[in-house]
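Shown below: work-v2.cif, with mmCIF, C-alpha atoms.
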data_start
#
loop_
_atom_site.label_atom_id
_atom_site.label_comp_id
_atom_site.auth_asym_id
_atom_site.auth_seq_id
_atom_site.Cartn_x
_atom_site.Cartn_y
_atom_site.Cartn_z
CA MET T 1253 132.73 92.96 107.90
CA ASN T 1254 130.67 91.69 110.77
CA GLU T 1255 130.49 94.81 112.84
CA GLY T 1256 127.03 96.31 112.95
CA ALA T 1257 126.43 100.02 112.62
CA PRO T 1258 127.18 101.99 115.82
CA ASP T 1259 124.09 102.90 117.83
CA LEU T 1260 122.85 106.48 117.53
CA SER T 1261 122.66 108.44 120.75
CA ALA T 1262 119.81 110.81 121.57
CA TRP T 1263 122.09 113.71 120.65
CA SER T 1264 122.82 112.08 117.30
CA LEU T 1265 119.09 111.91 116.57
CA VAL T 1266 118.70 115.55 117.62
CA ALA T 1267 121.51 116.41 115.21
CA GLY T 1268 119.66 114.46 112.55
CA PHE T 1269 116.47 116.39 113.23
CA LEU T 1270 118.33 119.68 112.87
CA LEU T 1271 118.46 118.94 109.14
CA LEU T 1272 114.69 119.55 109.13
CA ALA T 1273 115.63 123.21 109.40
CA VAL T 1274 116.50 123.13 105.68
CA PRO T 1275 113.01 122.26 104.32
CA ILE T 1276 111.32 124.41 106.98
CA ALA T 1277 113.47 127.43 106.17
CA PHE T 1278 112.86 126.86 102.46
CA SER T 1279 109.12 126.63 103.03
CA VAL T 1280 109.11 129.85 105.07
CA ALA T 1281 111.31 131.76 102.62
CA PHE T 1282 109.19 130.82 99.60
CA ARG T 1283 105.86 130.74 101.45
CA LEU T 1284 105.19 127.17 100.37
CA GLY T 1285 102.83 126.59 103.27
CA LEU T 1286 104.53 123.27 104.02
CA VAL T 1287 105.85 123.99 107.52
CA LYS T 1288 102.95 122.35 109.34
CA GLU T 1289 102.88 119.42 106.90
CA THR T 1290 106.63 118.91 107.32
CA ILE T 1291 106.40 118.89 111.12
CA VAL T 1292 103.35 116.59 111.13
CA ALA T 1293 105.07 114.23 108.69
CA ALA T 1294 108.20 114.15 110.83
CA ILE T 1295 106.19 113.43 114.00
CA ARG T 1296 104.22 110.70 112.24
CA MET T 1297 107.43 109.18 110.95
CA VAL T 1298 108.93 109.06 114.48
CA LEU T 1299 105.79 107.56 116.02
CA GLN T 1300 105.29 105.00 113.24
CA LEU T 1301 108.94 103.94 113.26
CA ALA T 1302 108.94 103.76 117.06
CA PHE T 1303 105.91 101.50 116.79
CA ALA T 1304 107.70 99.46 114.10
CA GLY T 1305 110.71 99.20 116.41
CA VAL T 1306 108.50 97.78 119.16
CA TYR T 1307 106.61 95.28 117.02
CA LEU T 1308 109.68 94.14 115.09
CA THR T 1309 111.55 93.59 118.33
CA TRP T 1310 108.75 91.35 119.61
CA LEU T 1311 108.20 89.62 116.28
CA PHE T 1312 111.91 88.79 116.02
CA LYS T 1313 111.95 87.66 119.65
CA TRP T 1314 108.95 85.32 119.40
CA ASP T 1315 109.39 84.46 115.70
CA HIS T 1316 106.17 82.45 115.59
CA PRO T 1317 104.99 81.60 112.03
CA ALA T 1318 101.31 82.35 112.70
CA LEU T 1319 102.12 85.64 114.39
CA ASN T 1320 104.48 86.68 111.59
CA PHE T 1321 101.94 85.79 108.92
CA GLY T 1322 99.18 87.53 110.88
CA TRP T 1323 101.23 90.69 111.09
CA LEU T 1324 101.94 90.59 107.34
CA CYS T 1325 98.17 90.28 106.80
CA VAL T 1326 97.61 93.42 108.91
CA MET T 1327 100.20 95.28 106.82
CA MET T 1328 98.60 94.12 103.56
CA THR T 1329 95.10 95.08 104.71
CA VAL T 1330 96.26 98.58 105.66
CA ALA T 1331 98.04 98.84 102.28
CA ALA T 1332 94.86 97.82 100.44
CA LEU T 1333 92.75 100.31 102.42
CA THR T 1334 95.24 103.10 101.68
CA THR T 1335 95.30 102.16 97.99
CA VAL T 1336 91.53 102.45 97.60
CA GLN T 1337 91.30 105.69 99.59
CA LYS T 1338 94.18 107.38 97.74
CA SER T 1339 92.70 106.28 94.41
CA GLN T 1340 89.45 108.03 95.40
CA LEU T 1341 87.42 104.90 94.80
CA ASN T 1342 84.45 103.58 96.72
CA LEU T 1343 85.71 101.45 99.58
CA ARG T 1344 82.68 99.16 99.61
CA GLN T 1345 82.93 98.40 95.91
CA ILE T 1346 86.66 98.18 95.36
CA LEU T 1347 88.25 97.14 98.67
CA LEU T 1348 87.79 93.39 98.30
CA PRO T 1349 89.40 93.15 94.83
CA VAL T 1350 92.35 95.26 96.03
CA VAL T 1351 92.74 93.19 99.22
CA VAL T 1352 92.76 89.97 97.19
CA SER T 1353 95.26 91.33 94.63
CA THR T 1354 97.56 92.69 97.35
CA PHE T 1355 97.48 89.45 99.32
CA VAL T 1356 98.05 87.18 96.31
CA ALA T 1357 100.87 89.29 94.82
CA THR T 1358 102.71 89.93 98.10
CA ILE T 1359 102.39 86.49 99.66
CA GLY T 1360 103.14 84.74 96.37
CA VAL T 1361 106.33 86.68 95.67
CA VAL T 1362 107.59 86.74 99.29
CA LEU T 1363 107.16 82.98 99.70
CA TYR T 1364 108.92 82.44 96.35
CA PHE T 1365 111.72 84.75 97.53
CA ASN T 1366 112.10 82.92 100.84
CA CYS T 1367 111.80 79.44 99.31
CA PHE T 1368 113.76 79.62 96.06
CA ILE T 1369 116.08 82.61 96.46
CA VAL T 1370 117.12 82.68 100.13
CA ARG T 1371 116.25 78.95 100.49
CA LEU T 1372 115.01 79.27 104.05
CA GLU T 1373 113.93 76.27 106.04
CA ASN T 1374 111.39 78.39 107.87
CA LEU T 1375 109.54 80.34 105.16
CA MET T 1376 107.69 82.28 107.83
CA ALA T 1377 110.79 83.62 109.63
CA ALA T 1378 110.01 87.15 110.82
CA ARG T 1379 113.36 88.51 109.60
CA TYR T 1380 112.37 87.63 106.02
CA LEU T 1381 108.58 87.33 105.88
CA VAL T 1382 107.84 90.66 107.56
CA VAL T 1383 110.88 92.60 106.34
CA ILE T 1384 110.86 91.46 102.71
CA GLY T 1385 107.05 91.58 102.76
CA GLY T 1386 107.18 95.19 103.94
CA MET T 1387 109.61 96.14 101.19
CA VAL T 1388 107.65 94.65 98.31
CA LEU T 1389 104.38 95.83 99.82
CA GLY T 1390 105.51 99.47 99.92
CA ASN T 1391 106.29 99.38 96.21
CA SER T 1392 103.15 97.44 95.40
CA LEU T 1393 101.11 100.09 97.24
CA SER T 1394 102.54 102.92 95.12
CA GLY T 1395 102.08 100.92 91.93
CA ASN T 1396 98.47 100.06 92.71
CA ILE T 1397 97.60 103.67 93.53
CA VAL T 1398 99.11 104.92 90.27
CA ALA T 1399 97.47 102.17 88.23
CA LEU T 1400 93.97 102.38 89.73
CA THR T 1401 93.91 106.19 89.65
CA GLN T 1402 95.12 106.33 86.04
CA TYR T 1403 92.82 103.50 84.90
CA TYR T 1404 89.55 104.78 86.33
CA GLU T 1405 90.24 108.49 85.76
CA SER T 1406 91.14 107.79 82.17
CA LEU T 1407 88.01 105.67 81.67
CA ARG T 1408 85.87 108.43 83.11
CA ASP T 1409 87.53 111.13 81.00
CA HIS T 1410 87.59 109.11 77.78
CA GLU T 1411 84.47 107.01 78.09
CA GLY T 1412 83.53 107.79 74.47
CA ARG T 1413 86.74 106.10 73.31
CA TYR T 1414 85.81 102.98 75.27
CA LEU T 1415 82.17 102.97 74.11
CA PHE T 1416 83.17 103.40 70.46
CA ARG T 1417 85.17 100.18 70.60
CA LEU T 1418 82.54 98.39 72.68
CA GLY T 1419 79.70 99.53 70.41
CA ASN T 1420 81.50 98.15 67.37
CA GLY T 1421 81.84 94.63 68.69
CA ALA T 1422 84.87 94.62 70.97
CA THR T 1423 84.62 92.50 74.09
CA THR T 1424 84.88 94.41 77.36
CA PHE T 1425 88.50 93.31 77.70
CA GLU T 1426 89.35 94.38 74.15
CA ALA T 1427 87.75 97.76 74.68
CA LEU T 1428 89.58 98.15 78.02
CA ARG T 1429 92.95 96.99 76.72
CA PRO T 1430 94.40 100.45 75.90
CA PHE T 1431 93.37 101.69 79.35
CA ILE T 1432 94.89 98.64 81.06
CA CYS T 1433 98.13 99.03 79.09
CA GLU T 1434 98.43 102.74 79.93
CA ALA T 1435 97.72 102.22 83.63
CA THR T 1436 100.13 99.28 83.93
CA THR T 1437 102.88 101.14 82.08
CA ARG T 1438 102.56 104.14 84.36
CA ALA T 1439 102.62 101.93 87.44
CA LEU T 1440 105.72 100.03 86.34
CA LYS T 1441 107.77 102.97 85.09
CA PRO T 1442 109.07 104.15 88.50
CA THR T 1443 110.25 100.62 89.38
CA LEU T 1444 111.84 100.17 85.95
CA ALA T 1445 113.50 103.59 86.23
CA GLY T 1446 114.78 102.61 89.67
CA MET T 1447 116.23 99.38 88.26
CA ALA T 1448 117.85 101.20 85.37
CA THR T 1449 119.68 103.71 87.57
CA ILE T 1450 120.36 101.67 90.69
CA GLY T 1451 123.98 101.65 91.79
CA ILE T 1452 124.80 104.77 89.79
CA VAL T 1453 122.18 107.33 90.75
CA SER T 1454 120.97 105.67 93.92
CA LEU T 1455 122.08 103.19 96.54
CA PRO T 1456 118.86 101.69 97.82
CA GLY T 1457 117.89 101.38 101.45
CA MET T 1458 118.10 97.61 101.68
CA MET T 1459 121.63 97.52 100.33
CA THR T 1460 122.93 100.41 102.42
CA GLY T 1461 121.15 98.99 105.47
CA GLN T 1462 122.81 95.63 105.02
CA MET T 1463 126.22 97.20 104.59
CA LEU T 1464 125.72 99.41 107.63
CA GLY T 1465 124.66 96.26 109.47
CA GLY T 1466 127.95 94.61 108.63
CA SER T 1467 127.24 92.59 105.45
CA SER T 1468 129.80 92.67 102.68
CA PRO T 1469 128.90 94.84 99.64
CA VAL T 1470 128.85 91.70 97.45
CA VAL T 1471 126.22 90.00 99.64
CA ALA T 1472 124.24 93.24 99.90
CA ILE T 1473 124.28 93.67 96.12
CA LYS T 1474 123.09 90.09 95.52
CA TYR T 1475 120.16 90.67 97.86
CA GLN T 1476 119.43 93.98 96.20
CA ILE T 1477 119.30 92.40 92.74
CA ALA T 1478 116.90 89.72 93.97
CA ILE T 1479 114.69 92.19 95.81
CA MET T 1480 114.45 94.57 92.83
CA VAL T 1481 113.21 91.75 90.61
CA ALA T 1482 110.85 90.63 93.37
CA ILE T 1483 109.46 94.18 93.63
CA LEU T 1484 108.93 94.37 89.87
CA ALA T 1485 107.15 91.01 89.92
CA THR T 1486 104.94 92.04 92.87
CA VAL T 1487 103.98 95.37 91.31
CA THR T 1488 103.17 93.74 87.96
CA LEU T 1489 101.16 90.91 89.53
CA GLY T 1490 99.42 93.22 92.01
CA VAL T 1491 98.50 95.82 89.40
CA GLY T 1492 97.31 93.20 86.91
CA LEU T 1493 95.12 91.50 89.50
CA ALA T 1494 93.83 94.78 90.96
CA LEU T 1495 92.75 96.04 87.53
CA TRP T 1496 91.19 92.73 86.55
CA LEU T 1497 89.38 92.03 89.80
CA SER T 1498 88.21 95.62 90.36
CA SER T 1499 86.91 95.78 86.76
CA ARG T 1500 84.59 92.89 87.53
CA ARG T 1501 82.89 95.12 90.08
CA ALA T 1502 83.30 98.47 88.37
CA PHE T 1503 81.35 97.58 85.22
CA SER T 1504 77.71 96.64 84.79
CA ARG T 1505 76.67 93.40 83.14
CA TYR T 1506 76.43 95.43 79.94
CA GLY T 1507 80.06 96.53 80.25
CA ILE T 1508 79.26 100.09 81.32
CA LEU T 1509 81.38 101.85 83.97
CA ARG T 1510 79.43 102.31 87.22
CA ARG T 1511 79.63 105.90 88.45
CA GLU T 1512 79.16 104.82 92.05
CA ILE T 1513 82.69 103.43 92.23
CA PHE T 1514 84.03 106.99 92.45
CA THR T 1515 83.97 108.91 95.71
CA ASP T 1516 84.12 112.36 94.07
CA MET B 333 63.47 111.15 78.78
CA LEU B 334 61.42 108.97 76.39
CA GLU B 335 57.87 108.22 77.48
CA GLU B 336 55.18 106.22 75.73
CA PHE B 337 57.59 105.55 72.93
CA SER B 338 57.40 102.54 70.65
CA LEU B 339 59.36 101.88 67.51
CA LEU B 340 59.73 98.83 65.26
CA ILE B 341 62.56 98.87 62.75
CA ARG B 342 62.66 96.28 59.99
CA GLU B 343 65.70 95.03 58.09
CA GLY B 344 66.75 97.39 55.33
CA GLU B 345 64.75 100.27 56.78
CA LYS B 346 66.27 103.74 57.04
CA VAL B 347 65.20 105.55 60.18
CA VAL B 348 66.17 109.10 61.02
CA LEU B 349 65.73 110.23 64.62
CA ARG B 350 65.11 113.95 64.54
CA GLY B 351 64.77 116.34 67.41
CA SER B 352 66.28 119.23 69.26
CA SER B 353 69.33 118.89 71.46
CA GLY B 354 68.51 116.83 74.55
CA SER B 355 65.40 115.28 72.99
CA GLY B 356 66.83 111.77 73.40
CA LYS B 357 68.27 110.95 69.96
CA SER B 358 71.63 109.78 71.27
CA SER B 359 70.00 108.13 74.30
CA LEU B 360 67.86 106.03 71.98
CA LEU B 361 70.97 104.79 70.17
CA LYS B 362 72.56 104.04 73.54
CA LEU B 363 69.47 102.03 74.50
CA LEU B 364 69.82 100.00 71.31
CA LEU B 365 73.47 99.30 72.10
CA GLY B 366 72.80 98.37 75.72
CA PHE B 367 74.84 101.36 76.98
CA VAL B 368 71.89 102.45 79.11
CA GLU B 369 69.11 100.33 80.55
CA PRO B 370 65.52 101.56 80.30
CA ASP B 371 63.76 102.51 83.55
CA GLN B 372 60.59 101.01 82.10
CA GLY B 373 59.72 99.09 78.95
CA GLU B 374 61.99 96.93 76.87
CA VAL B 375 64.26 96.82 73.88
CA ARG B 376 64.17 93.80 71.58
CA TYR B 377 66.62 92.76 68.89
CA ARG B 378 65.45 90.13 66.38
CA GLY B 379 62.65 89.32 68.82
CA GLU B 380 64.94 88.76 71.82
CA LYS B 381 64.67 90.95 74.86
CA MET B 382 67.78 92.99 75.61
CA SER B 383 70.20 91.24 77.95
CA PRO B 384 73.98 91.35 78.28
CA GLU B 385 74.20 88.48 75.75
CA VAL B 386 71.84 90.19 73.30
CA ALA B 387 73.73 93.47 73.74
CA ARG B 388 76.94 91.68 72.73
CA GLU B 389 75.20 90.29 69.67
CA VAL B 390 73.86 93.73 68.74
CA ARG B 391 77.32 95.28 69.11
CA ARG B 392 78.84 92.59 66.91
CA SER B 393 76.30 93.12 64.15
CA VAL B 394 76.17 96.91 64.00
CA ALA B 395 78.60 99.58 62.91
CA TYR B 396 78.38 102.41 65.40
CA VAL B 397 79.54 105.86 64.39
CA SER B 398 79.47 108.13 67.39
CA GLN B 399 79.08 111.87 67.42
CA ALA B 400 82.64 112.85 68.26
CA VAL B 401 85.03 109.96 68.60
CA ASP B 402 87.58 110.58 71.31
CA TRP B 403 90.54 109.01 69.54
CA GLU B 404 93.54 107.59 71.27
CA PRO B 405 96.65 109.45 70.05
CA GLY B 406 98.40 107.59 67.25
CA ASN B 407 98.99 107.18 63.54
CA VAL B 408 95.78 107.10 61.42
CA ASP B 409 96.70 103.95 59.49
CA GLU B 410 97.59 102.09 62.70
CA THR B 411 94.43 103.37 64.38
CA ILE B 412 92.25 101.96 61.58
CA ARG B 413 94.14 98.65 61.41
CA GLU B 414 94.28 98.27 65.19
CA PHE B 415 90.52 98.71 65.28
CA PHE B 416 90.13 95.66 63.07
CA SER B 417 92.38 93.56 65.28
CA ILE B 418 89.75 93.54 68.01
CA GLY B 419 87.44 90.55 68.02
CA ALA B 420 84.43 90.14 65.81
CA THR B 421 85.29 93.12 63.64
CA GLY B 422 86.30 90.92 60.71
CA GLU B 423 89.48 90.92 58.65
CA VAL B 424 91.66 93.98 58.34
CA PRO B 425 90.57 95.70 55.11
CA SER B 426 93.08 95.90 52.29
CA ALA B 427 95.08 99.09 51.75
CA SER B 428 93.16 99.73 48.52
CA SER B 429 89.74 99.49 50.20
CA ILE B 430 90.88 101.82 53.00
CA ARG B 431 92.07 104.35 50.42
CA GLU B 432 88.87 104.00 48.41
CA VAL B 433 86.68 104.72 51.45
CA LEU B 434 88.88 107.64 52.48
CA GLU B 435 88.65 109.12 49.00
CA ARG B 436 84.87 108.80 49.03
CA LEU B 437 84.97 110.83 52.23
CA ARG B 438 87.34 113.31 50.57
CA LEU B 439 90.27 112.41 52.70
CA SER B 440 93.60 112.22 50.92
CA PRO B 441 95.48 108.91 51.31
CA GLU B 442 98.36 110.92 52.83
CA VAL B 443 96.19 111.28 55.93
CA LEU B 444 97.06 107.65 56.76
CA ASP B 445 100.61 108.69 57.63
CA GLN B 446 99.53 111.53 59.90
CA ARG B 447 98.87 111.48 63.63
CA ILE B 448 95.16 111.43 64.36
CA GLN B 449 95.52 114.19 66.95
CA ASP B 450 96.95 116.49 64.26
CA LEU B 451 93.81 116.22 62.08
CA SER B 452 90.97 118.75 62.15
CA GLY B 453 87.71 117.91 63.97
CA GLY B 454 85.98 117.21 60.63
CA GLU B 455 88.79 114.94 59.45
CA ARG B 456 88.81 113.01 62.72
CA HIS B 457 85.05 112.57 62.44
CA ARG B 458 85.41 111.23 58.90
CA ILE B 459 87.91 108.61 60.14
CA GLY B 460 85.11 107.34 62.41
CA VAL B 461 82.69 107.26 59.47
CA ALA B 462 85.34 105.47 57.38
CA ILE B 463 85.74 102.77 60.03
CA GLY B 464 81.95 102.37 60.11
CA LEU B 465 81.87 101.90 56.33
CA LEU B 466 84.85 99.55 56.33
CA LEU B 467 83.19 97.34 58.94
CA GLU B 468 80.54 96.45 56.34
CA ARG B 469 77.96 95.45 58.91
CA PRO B 470 74.27 95.03 58.00
CA VAL B 471 73.10 97.60 60.57
CA PHE B 472 74.41 101.13 61.07
CA LEU B 473 73.81 103.20 64.18
CA LEU B 474 74.88 106.73 63.37
CA ASP B 475 75.02 109.53 65.91
CA GLU B 476 75.12 112.89 64.09
CA PRO B 477 77.14 111.33 61.25
CA THR B 478 77.50 114.57 59.28
CA ALA B 479 78.42 116.87 62.14
CA ALA B 480 81.41 119.07 61.30
CA LEU B 481 81.20 118.30 57.56
CA ASP B 482 80.68 120.80 54.74
CA ALA B 483 77.41 120.82 52.77
CA SER B 484 78.55 118.81 49.73
CA LEU B 485 80.23 116.21 51.87
CA LYS B 486 77.13 115.86 54.05
CA GLU B 487 75.17 114.96 50.93
CA ALA B 488 77.77 112.40 49.84
CA VAL B 489 77.92 110.73 53.28
CA ALA B 490 74.12 110.56 53.58
CA ASP B 491 73.90 109.11 50.04
CA ARG B 492 76.47 106.49 50.89
CA PHE B 493 74.52 105.25 53.90
CA LEU B 494 70.98 105.60 52.58
CA ASN B 495 71.37 104.25 49.05
CA ARG B 496 72.14 100.65 49.95
CA ASP B 497 68.89 98.65 50.10
CA ASP B 498 70.39 95.87 52.24
CA TRP B 499 71.67 98.18 54.95
CA THR B 500 69.54 99.02 57.97
CA VAL B 501 70.35 102.56 59.05
CA ILE B 502 69.28 104.28 62.25
CA ALA B 503 70.64 107.81 62.28
CA ALA B 504 70.28 110.41 65.01
CA ALA B 505 70.54 113.57 62.95
CA HIS B 506 69.18 117.07 63.03
CA ASP B 507 70.69 117.90 59.66
CA PRO B 508 67.98 118.16 56.91
CA VAL B 509 70.25 116.35 54.46
CA TRP B 510 69.19 113.12 56.18
CA PHE B 511 65.45 113.50 55.73
CA GLU B 512 64.58 116.12 53.10
CA GLU B 513 63.61 114.55 49.77
CA ARG B 514 64.62 111.10 50.96
CA GLU B 515 62.73 107.88 51.47
CA VAL B 516 63.35 107.50 55.15
CA THR B 517 61.21 106.95 58.22
CA ILE B 518 61.38 110.12 60.27
CA ILE B 519 60.91 109.85 64.02
CA ASP B 520 60.47 113.31 65.47
CA LEU B 521 61.36 113.07 69.13
CA ASP B 522 60.20 116.63 69.84
CA SER B 523 56.65 115.60 69.16
#
Would you mind writing the file's structure down as structure tokens?
Amino acid sequence: MNEGAPDLSAWSLVAGFLLLAVPIAFSVAFRLGLVKETIVAAIRMVLQLAFAGVYLTWLFKWDHPALNFGWLCVMMTVAALTTVQKSQLNLRQILLPVVVSTFVATIGVVLYFNCFIVRLENLMAARYLVVIGGMVLGNSLSGNIVALTQYYESLRDHEGRYLFRLGNGATTFEALRPFICEATTRALKPTLAGMATIGIVSLPGMMTGQMLGGSSPVVAIKYQIAIMVAILATVTLGVGLALWLSSRRAFSRYGILRREIFTD
Amino acid sequence: MLEEFSLLIREGEKVVLRGSSGSGKSSLLKLLLGFVEPDQGEVRYRGEKMSPEVAREVRRSVAYVSQAVDWEPGNVDETIREFFSIGATGEVPSASSIREVLERLRLSPEVLDQRIQDLSGGERHRIGVAIGLLLERPVFLLDEPTAALDASLKEAVADRFLNRDDWTVIAAAHDPVWFEEREVTIIDLDS
């Protein structure tokens, strides 16, 4: 099982793109208004993946620890920026806590993965640091967006619930606890659902990619198990830190939610 | 909203803040709890100027009954008990004292097994009043405590809060049951 997947010719890619006809036809038939969005998304995907192809080729070629780590930092910063923007929160107020939480969760779990699971001599090897980092980061991004949106929207909508607890002697953390629990649960559910159905409902990208690349299914499955747990750990750690650190900025000294953290 | 306003409340005093909607009754309670900071002037509690530390002390020593508590969905009994698991609220009251307070508020004990979101607005409000009474704090901050209650029950709730000499009560209320024929200090915010 050492043969890699056969290369795809330009005609193969064109054949692949022909499948776009299905969502486009569906959008036209039902007037969903998604034709433009579908085409733009497809173009963005091609450009972004082409860019990824270029940088990954060079990163793998040079494989310099500082460069690899620097690139992971760029990825994490973009992820943090996207998280704050998609959560409709004020960039100036909330970016730093989200950057810190993303960096700590991603770097912590990826280094643990490389050191104790794969047992690499070079923890900064591009093939692991950037690739595994990218995988956990993508999931962490989704989790953080869900958690931050749910947390702050819920606090804004149910402020009376929070103030009732606060006004009767609860500490800020005690009054926030139900909101933290709800936001964390919502953020973790997709990952937990993915873990619960993996192998039956879905064959994840990492596993299929490894098998297409020539790895045996047993090796691919072992990696998949490890990466799923790593993703769950990153999302939990990232969400927990993002909620905690952002709360320190989002509330006044009196424990009152600052309205200026919202962009809308 | 409040200009040239000064008020000194002594221990055991019963103060009723009266005024039309938007006159600042609820805002005054929020000032006392540190939920809003005054643009000018100051709030003092036991002689100490309001600060985050003083606000925490105030919140630990008052029972705050807000106008319309936005309850988290859940069982009534668990909601009450969970409330007492948060810090500084004291021990969880016994089942008999919870039932006694509920009965005083004309809520049947069966309500404990129901979901709070299934109760009527008036019943949900009375659960908030019940928690306030169960807290047994020396100071009560009440925001429209008899809203959504029928006439006889309004009287009973007002009696319960105003007849204890050792309780300090500050109530934002436009309902006459809180100030007619009662020995209370009335602060008319409209004037």
12 Å contacts from chain B to chain T using all atoms listed in the file, as a PyMOL selection string: chain B and resi 361-369+382-406+411-412+414-422+460-461+463-469+471-475
Check what the PyMOL selection byres ((chain B and resi 499) around 6) selects in the file above and give those residues as a PDB file with C-alpha atoms, keeping the file's coordinate frame.
ATOM      1  CA  GLY B 344      66.750  97.390  55.330  1.00  0.00           C
ATOM      2  CA  PRO B 470      74.270  95.030  58.000  1.00  0.00           C
ATOM      3  CA  VAL B 471      73.100  97.600  60.570  1.00  0.00           C
ATOM      4  CA  ARG B 496      72.140 100.650  49.950  1.00  0.00           C
ATOM      5  CA  ASP B 497      68.890  98.650  50.100  1.00  0.00           C
ATOM      6  CA  ASP B 498      70.390  95.870  52.240  1.00  0.00           C
ATOM      7  CA  THR B 500      69.540  99.020  57.970  1.00  0.00           C
TER       8      THR B 500
END
Take CA of Gly373 (chain B) and CA of Ala504 (chain B) and report the distance between them in Å, one decimal. 20.8 Å
Rank T:Val1350, T:Tyr1307, T:Ala1331, T:Val1487 by their smallest atom-to-atom distance to Ser1392 (chain T), using only C-alpha atoms, and report the top residue only.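 Ranking T:Val1350, T:Tyr1307, T:Ala1331, T:Val1487 by distance to Ser1392 (chain T), first place goes to T:Val1487.
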Evaluate the PyMOL selection byres ((chain B and resi 451) around 12) against this structure - the residues, as a compact mmCIF listing (two decimals) with C-alpha atoms, in the frame of the given file, please.
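That gives us expr-v6.txt:
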# COMPACT_ATOMS: atom_id res chain seq x y z
CA TRP B 403 90.54 109.01 69.54
CA PRO B 405 96.65 109.45 70.05
CA GLY B 406 98.40 107.59 67.25
CA ASN B 407 98.99 107.18 63.54
CA VAL B 408 95.78 107.10 61.42
CA LEU B 439 90.27 112.41 52.70
CA SER B 440 93.60 112.22 50.92
CA GLU B 442 98.36 110.92 52.83
CA VAL B 443 96.19 111.28 55.93
CA LEU B 444 97.06 107.65 56.76
CA ASP B 445 100.61 108.69 57.63
CA GLN B 446 99.53 111.53 59.90
CA ARG B 447 98.87 111.48 63.63
CA ILE B 448 95.16 111.43 64.36
CA GLN B 449 95.52 114.19 66.95
CA ASP B 450 96.95 116.49 64.26
CA SER B 452 90.97 118.75 62.15
CA GLY B 453 87.71 117.91 63.97
CA GLY B 454 85.98 117.21 60.63
CA GLU B 455 88.79 114.94 59.45
CA ARG B 456 88.81 113.01 62.72
CA HIS B 457 85.05 112.57 62.44
CA ARG B 458 85.41 111.23 58.90
CA ILE B 459 87.91 108.61 60.14
Have a look at T:Leu1311, T:Ile1450, T:Ala1357, T:Val1266 and name the one nearest to Val1491 (chain T); count all atoms listed in the file. T:Ala1357
Answer as a ChimeraX atom specification, residues within 12 Å of (109.6, 96.6, 102.9) using only C-alpha atoms: /T:1304,1324,1327-1328,1331,1358,1362,1379-1393,1456-1458,1479-1480,1482-1483,1486
Write the selection just made, keeping C-alpha atoms, as a PDB file, in the frame of the given file?
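The resulting file, again_15.pdb, is reproduced below:
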ATOM      1  CA  ALA T1304     107.700  99.460 114.100  1.00  0.00           C
ATOM      2  CA  LEU T1324     101.940  90.590 107.340  1.00  0.00           C
ATOM      3  CA  MET T1327     100.200  95.280 106.820  1.00  0.00           C
ATOM      4  CA  MET T1328      98.600  94.120 103.560  1.00  0.00           C
ATOM      5  CA  ALA T1331      98.040  98.840 102.280  1.00  0.00           C
ATOM      6  CA  THR T1358     102.710  89.930  98.100  1.00  0.00           C
ATOM      7  CA  VAL T1362     107.590  86.740  99.290  1.00  0.00           C
ATOM      8  CA  ARG T1379     113.360  88.510 109.600  1.00  0.00           C
ATOM      9  CA  TYR T1380     112.370  87.630 106.020  1.00  0.00           C
ATOM     10  CA  LEU T1381     108.580  87.330 105.880  1.00  0.00           C
ATOM     11  CA  VAL T1382     107.840  90.660 107.560  1.00  0.00           C
ATOM     12  CA  VAL T1383     110.880  92.600 106.340  1.00  0.00           C
ATOM     13  CA  ILE T1384     110.860  91.460 102.710  1.00  0.00           C
ATOM     14  CA  GLY T1385     107.050  91.580 102.760  1.00  0.00           C
ATOM     15  CA  GLY T1386     107.180  95.190 103.940  1.00  0.00           C
ATOM     16  CA  MET T1387     109.610  96.140 101.190  1.00  0.00           C
ATOM     17  CA  VAL T1388     107.650  94.650  98.310  1.00  0.00           C
ATOM     18  CA  LEU T1389     104.380  95.830  99.820  1.00  0.00           C
ATOM     19  CA  GLY T1390     105.510  99.470  99.920  1.00  0.00           C
ATOM     20  CA  ASN T1391     106.290  99.380  96.210  1.00  0.00           C
ATOM     21  CA  SER T1392     103.150  97.440  95.400  1.00  0.00           C
ATOM     22  CA  LEU T1393     101.110 100.090  97.240  1.00  0.00           C
ATOM     23  CA  PRO T1456     118.860 101.690  97.820  1.00  0.00           C
ATOM     24  CA  GLY T1457     117.890 101.380 101.450  1.00  0.00           C
ATOM     25  CA  MET T1458     118.100  97.610 101.680  1.00  0.00           C
ATOM     26  CA  ILE T1479     114.690  92.190  95.810  1.00  0.00           C
ATOM     27  CA  MET T1480     114.450  94.570  92.830  1.00  0.00           C
ATOM     28  CA  ALA T1482     110.850  90.630  93.370  1.00  0.00           C
ATOM     29  CA  ILE T1483     109.460  94.180  93.630  1.00  0.00           C
ATOM     30  CA  THR T1486     104.940  92.040  92.870  1.00  0.00           C
TER      31      THR T1486
END
What does the PyMOL selection byres ((chain T and resi 1290) around 12) select in this file, as a PyMOL selection string? chain T and resi 1269+1271-1280+1284-1289+1291-1297
Between CA of Tyr1404 (chain T) and CA of Leu1440 (chain T), what is the distance in Å, rounded to a tenth?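 Between CA of Tyr1404 (chain T) and CA of Leu1440 (chain T) the gap is 16.9 Å.
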Skipping near chain neighbours, those fewer than 6 positions away, what residues fall within 8 Å of Thr1515 (chain T) using all atoms listed in the file, listed as a PyMOL selection string? chain T and resi 1340-1342
Write the residues of the selection above to a file with C-alpha atoms, as a short mmCIF file (atom, residue, chain, number, x, y, z; two decimals), in the coordinates of the input.
data_model
loop_
_atom_site.label_atom_id
_atom_site.label_comp_id
_atom_site.auth_asym_id
_atom_site.auth_seq_id
_atom_site.Cartn_x
_atom_site.Cartn_y
_atom_site.Cartn_z
CA GLN T 1340 89.45 108.03 95.40
CA LEU T 1341 87.42 104.90 94.80
CA ASN T 1342 84.45 103.58 96.72
#
